[in-house]
Structure formats: C-alpha cells, structure tokens
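Structure record follows, encoded as structure tokens.
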Amino acid sequence: QVQLVESGGGLVQAGGSLRLSCVASESILSIKGMGWYRQAPGKQRELVAGISDGGSTLYADSLEGRFTISRDAARNTVYLQMNSLKPEDTAVYYCAAERMGRDYWGQGTQVTVSS
C-alpha cells in the first residue's frame, strides 16, 4: 500500500507560480511511475505530467512547457512546478503512483488561479 500526500496548492493570480509536492510512504525508486493529474469542475480527470522510475518524463501537450515534474528520491517526493498559471489551470491536482499493477492516489490539493 502506497500512501501519497500532496501539498502546495492555493490561490494565485494569473501569471504566478506554484510548486506542488507529493510525499510517498515508500521509496519512489521502487514505484514504476508517478504522476500528477488534475480535475476541474464538470470535467474528467486528466494527466498533467508523469515521471517513470527511470526518470523519463511526459507532459500533457496543452501545458505548452509551463509545468515541470521532478523528484527527490532522498525525500520520497515528486514535485510539480507550475509557472505562468492561467485561470484554466484551476482544478484539484492529484498525485498518483503505479506499483506492481496497482494505482494509488493522494487526496488532492486545490489550485485556484484568479484572472
């Protein structure tokens, strides 16, 4: 059982930045892949960014290079640096992990971008 705890969400003006953190209950190097998803009101949950156990990353095309996913294995933490935030980035952001064929989710952190 992998437990994930997100933090770092909040209210920010358009053009601002936030960094989300996701702390895992075990070594992230033992987890096949981790990622950030988001869900806006009335919309489906969508992938924002992912990072594999080997360090490969992927991003949603719509982000236009504004977000960066990274990790600190010593802290069992995955980060999502979000720059040039737009009102349409407003959503609950979830950390996810895939380990041994099972998916795990955090409780989510709210990001609100005001115009």
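Every chain in the structure tokens has a letter given in the order shown (A, B, ...), and although residue numbers restart at 1 in each chain, ligands are simply numbered from 1 in the order shown.
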Run DSSP on the backbone and give me the residues of chain A it puts in helix (DSSP H, G or I), as a ChimeraX atom specification.
/A:28-30,61-63,73-75,87-89
Fewer than 4 positions away in the same chain doesn't count, so skip those; otherwise give me all residues within 12 Å of Gly33 (chain A), counting only C-alpha atoms, as a ChimeraX atom specification.
/A:24,27-29,49-58,71,78,95-104
Can you list, as a ChimeraX atom specification, all residues belonging to region 47-99 of chain A that DSSP tags as strand (DSSP E)?
/A:47-52,57-59,67-72,77-82,91-99
Expected file: the selected residues, N, CA and C atoms, as a short mmCIF file (atom, residue, chain, number, x, y, z; two decimals), in the first residue's frame:
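Output file again28.cif is given in full below:
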```cif
data_model
loop_
_atom_site.label_atom_id
_atom_site.label_comp_id
_atom_site.auth_asym_id
_atom_site.auth_seq_id
_atom_site.Cartn_x
_atom_site.Cartn_y
_atom_site.Cartn_z
N LEU A 47 -4.37 13.68 -17.22
CA LEU A 47 -2.95 13.63 -16.89
C LEU A 47 -2.31 14.98 -17.16
N VAL A 48 -1.51 15.42 -16.20
CA VAL A 48 -0.75 16.66 -16.37
C VAL A 48 0.70 16.33 -16.71
N ALA A 49 1.32 15.50 -15.89
CA ALA A 49 2.72 15.15 -16.10
C ALA A 49 3.01 13.84 -15.39
N GLY A 50 4.00 13.11 -15.90
CA GLY A 50 4.38 11.85 -15.29
C GLY A 50 5.88 11.67 -15.31
N ILE A 51 6.37 10.84 -14.39
CA ILE A 51 7.79 10.53 -14.34
C ILE A 51 7.94 9.05 -14.01
N SER A 52 8.78 8.37 -14.76
CA SER A 52 8.97 6.93 -14.56
C SER A 52 10.03 6.67 -13.50
N THR A 57 10.23 11.62 -18.39
CA THR A 57 9.07 12.46 -18.10
C THR A 57 8.18 12.60 -19.32
N LEU A 58 6.93 12.89 -19.06
CA LEU A 58 5.99 13.21 -20.12
C LEU A 58 5.03 14.25 -19.61
N TYR A 59 4.48 15.01 -20.56
CA TYR A 59 3.60 16.11 -20.21
C TYR A 59 2.40 16.16 -21.15
N PHE A 67 4.83 23.68 -17.12
CA PHE A 67 4.95 22.86 -15.91
C PHE A 67 6.17 21.96 -16.02
N THR A 68 6.76 21.65 -14.87
CA THR A 68 7.90 20.74 -14.82
C THR A 68 7.72 19.75 -13.68
N ILE A 69 7.84 18.48 -13.97
CA ILE A 69 7.78 17.46 -12.94
C ILE A 69 9.21 17.05 -12.60
N SER A 70 9.46 16.84 -11.32
CA SER A 70 10.78 16.42 -10.89
C SER A 70 10.63 15.57 -9.63
N ARG A 71 11.75 15.03 -9.17
CA ARG A 71 11.67 14.19 -7.99
C ARG A 71 12.93 14.32 -7.14
N ASP A 72 12.77 14.02 -5.87
CA ASP A 72 13.87 13.95 -4.93
C ASP A 72 13.75 12.60 -4.24
N THR A 77 9.85 12.24 -2.67
CA THR A 77 8.95 13.34 -3.06
C THR A 77 9.02 13.60 -4.55
N VAL A 78 7.85 13.83 -5.13
CA VAL A 78 7.73 14.26 -6.51
C VAL A 78 7.12 15.66 -6.50
N TYR A 79 7.65 16.51 -7.35
CA TYR A 79 7.21 17.90 -7.40
C TYR A 79 6.56 18.21 -8.75
N LEU A 80 5.72 19.22 -8.73
CA LEU A 80 5.19 19.79 -9.96
C LEU A 80 5.34 21.29 -9.86
N GLN A 81 6.30 21.81 -10.62
CA GLN A 81 6.50 23.25 -10.67
C GLN A 81 5.60 23.81 -11.76
N MET A 82 4.75 24.74 -11.38
CA MET A 82 3.78 25.30 -12.32
C MET A 82 4.04 26.80 -12.47
N ALA A 91 -8.06 23.70 -10.72
CA ALA A 91 -8.50 22.31 -10.61
C ALA A 91 -8.01 21.75 -9.28
N VAL A 92 -8.50 20.56 -8.96
CA VAL A 92 -7.89 19.78 -7.89
C VAL A 92 -6.80 18.94 -8.53
N TYR A 93 -5.61 19.03 -7.98
CA TYR A 93 -4.47 18.30 -8.50
C TYR A 93 -4.20 17.09 -7.63
N TYR A 94 -4.07 15.94 -8.28
CA TYR A 94 -3.87 14.68 -7.59
C TYR A 94 -2.52 14.08 -7.95
N CYS A 95 -1.87 13.53 -6.95
CA CYS A 95 -0.67 12.75 -7.17
C CYS A 95 -1.07 11.29 -7.33
N ALA A 96 -0.44 10.59 -8.23
CA ALA A 96 -0.75 9.19 -8.48
C ALA A 96 0.53 8.38 -8.60
N ALA A 97 0.40 7.10 -8.25
CA ALA A 97 1.55 6.20 -8.36
C ALA A 97 1.06 4.85 -8.86
N GLU A 98 1.92 4.22 -9.66
CA GLU A 98 1.64 2.88 -10.13
C GLU A 98 2.72 1.96 -9.59
N ARG A 99 2.30 0.92 -8.86
CA ARG A 99 3.26 0.00 -8.29
C ARG A 99 2.70 -1.41 -8.34
#
```
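Note that CA of Trp105 (chain A) and CA of Met34 (chain A) are 9.8 Å apart.
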Spatial neighbours of Gly10 (chain A), max dist 9 Å, only C-alpha atoms, sep filter under 4 positions, as an MDAnalysis selection string:
chainID A and resid 18 109:113
Put those residues in a file: all heavy atoms, as a short mmCIF file (atom, residue, chain, number, x, y, z; two decimals), in the first residue's frame.
```
data_model
loop_
_atom_site.label_atom_id
_atom_site.label_comp_id
_atom_site.auth_asym_id
_atom_site.auth_seq_id
_atom_site.Cartn_x
_atom_site.Cartn_y
_atom_site.Cartn_z
N LEU A 18 3.28 28.16 -8.68
CA LEU A 18 3.10 27.32 -7.50
C LEU A 18 3.95 26.07 -7.68
O LEU A 18 4.20 25.64 -8.81
CB LEU A 18 1.64 26.89 -7.31
CG LEU A 18 0.64 27.89 -6.74
CD1 LEU A 18 -0.76 27.29 -6.79
CD2 LEU A 18 1.00 28.31 -5.33
N THR A 109 -5.03 18.34 -3.97
CA THR A 109 -4.80 19.69 -3.46
C THR A 109 -5.39 20.69 -4.45
O THR A 109 -5.20 20.55 -5.66
CB THR A 109 -3.30 19.95 -3.20
OG1 THR A 109 -3.12 21.22 -2.59
CG2 THR A 109 -2.48 19.87 -4.48
N GLN A 110 -6.11 21.67 -3.93
CA GLN A 110 -6.81 22.62 -4.78
C GLN A 110 -5.87 23.70 -5.27
O GLN A 110 -5.14 24.31 -4.48
CB GLN A 110 -7.96 23.27 -4.01
CG GLN A 110 -8.71 24.35 -4.77
CD GLN A 110 -9.53 23.79 -5.91
OE1 GLN A 110 -10.27 22.81 -5.74
NE2 GLN A 110 -9.44 24.41 -7.09
N VAL A 111 -5.91 23.95 -6.55
CA VAL A 111 -5.19 25.08 -7.16
C VAL A 111 -6.23 25.99 -7.81
O VAL A 111 -7.02 25.53 -8.64
CB VAL A 111 -4.17 24.60 -8.21
CG1 VAL A 111 -3.60 25.79 -8.98
CG2 VAL A 111 -3.06 23.80 -7.54
N THR A 112 -6.23 27.23 -7.40
CA THR A 112 -7.16 28.20 -7.96
C THR A 112 -6.37 29.38 -8.52
O THR A 112 -5.57 29.98 -7.80
CB THR A 112 -8.15 28.70 -6.90
OG1 THR A 112 -8.86 27.59 -6.34
CG2 THR A 112 -9.15 29.68 -7.50
N VAL A 113 -6.60 29.67 -9.79
CA VAL A 113 -5.90 30.77 -10.45
C VAL A 113 -6.91 31.85 -10.78
O VAL A 113 -7.86 31.61 -11.53
CB VAL A 113 -5.19 30.29 -11.72
CG1 VAL A 113 -4.38 31.43 -12.34
CG2 VAL A 113 -4.29 29.09 -11.42
#
```
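If you measure from each of A:Lys43, A:Ser114, A:Gly106, A:Leu4 to Pro87 (chain A) using only C-alpha atoms, the closest one turns out to be A:Ser114.
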In Å to one decimal, how far is CA of Asn76 (chain A) from CA of Arg45 (chain A)?
24.3 Å
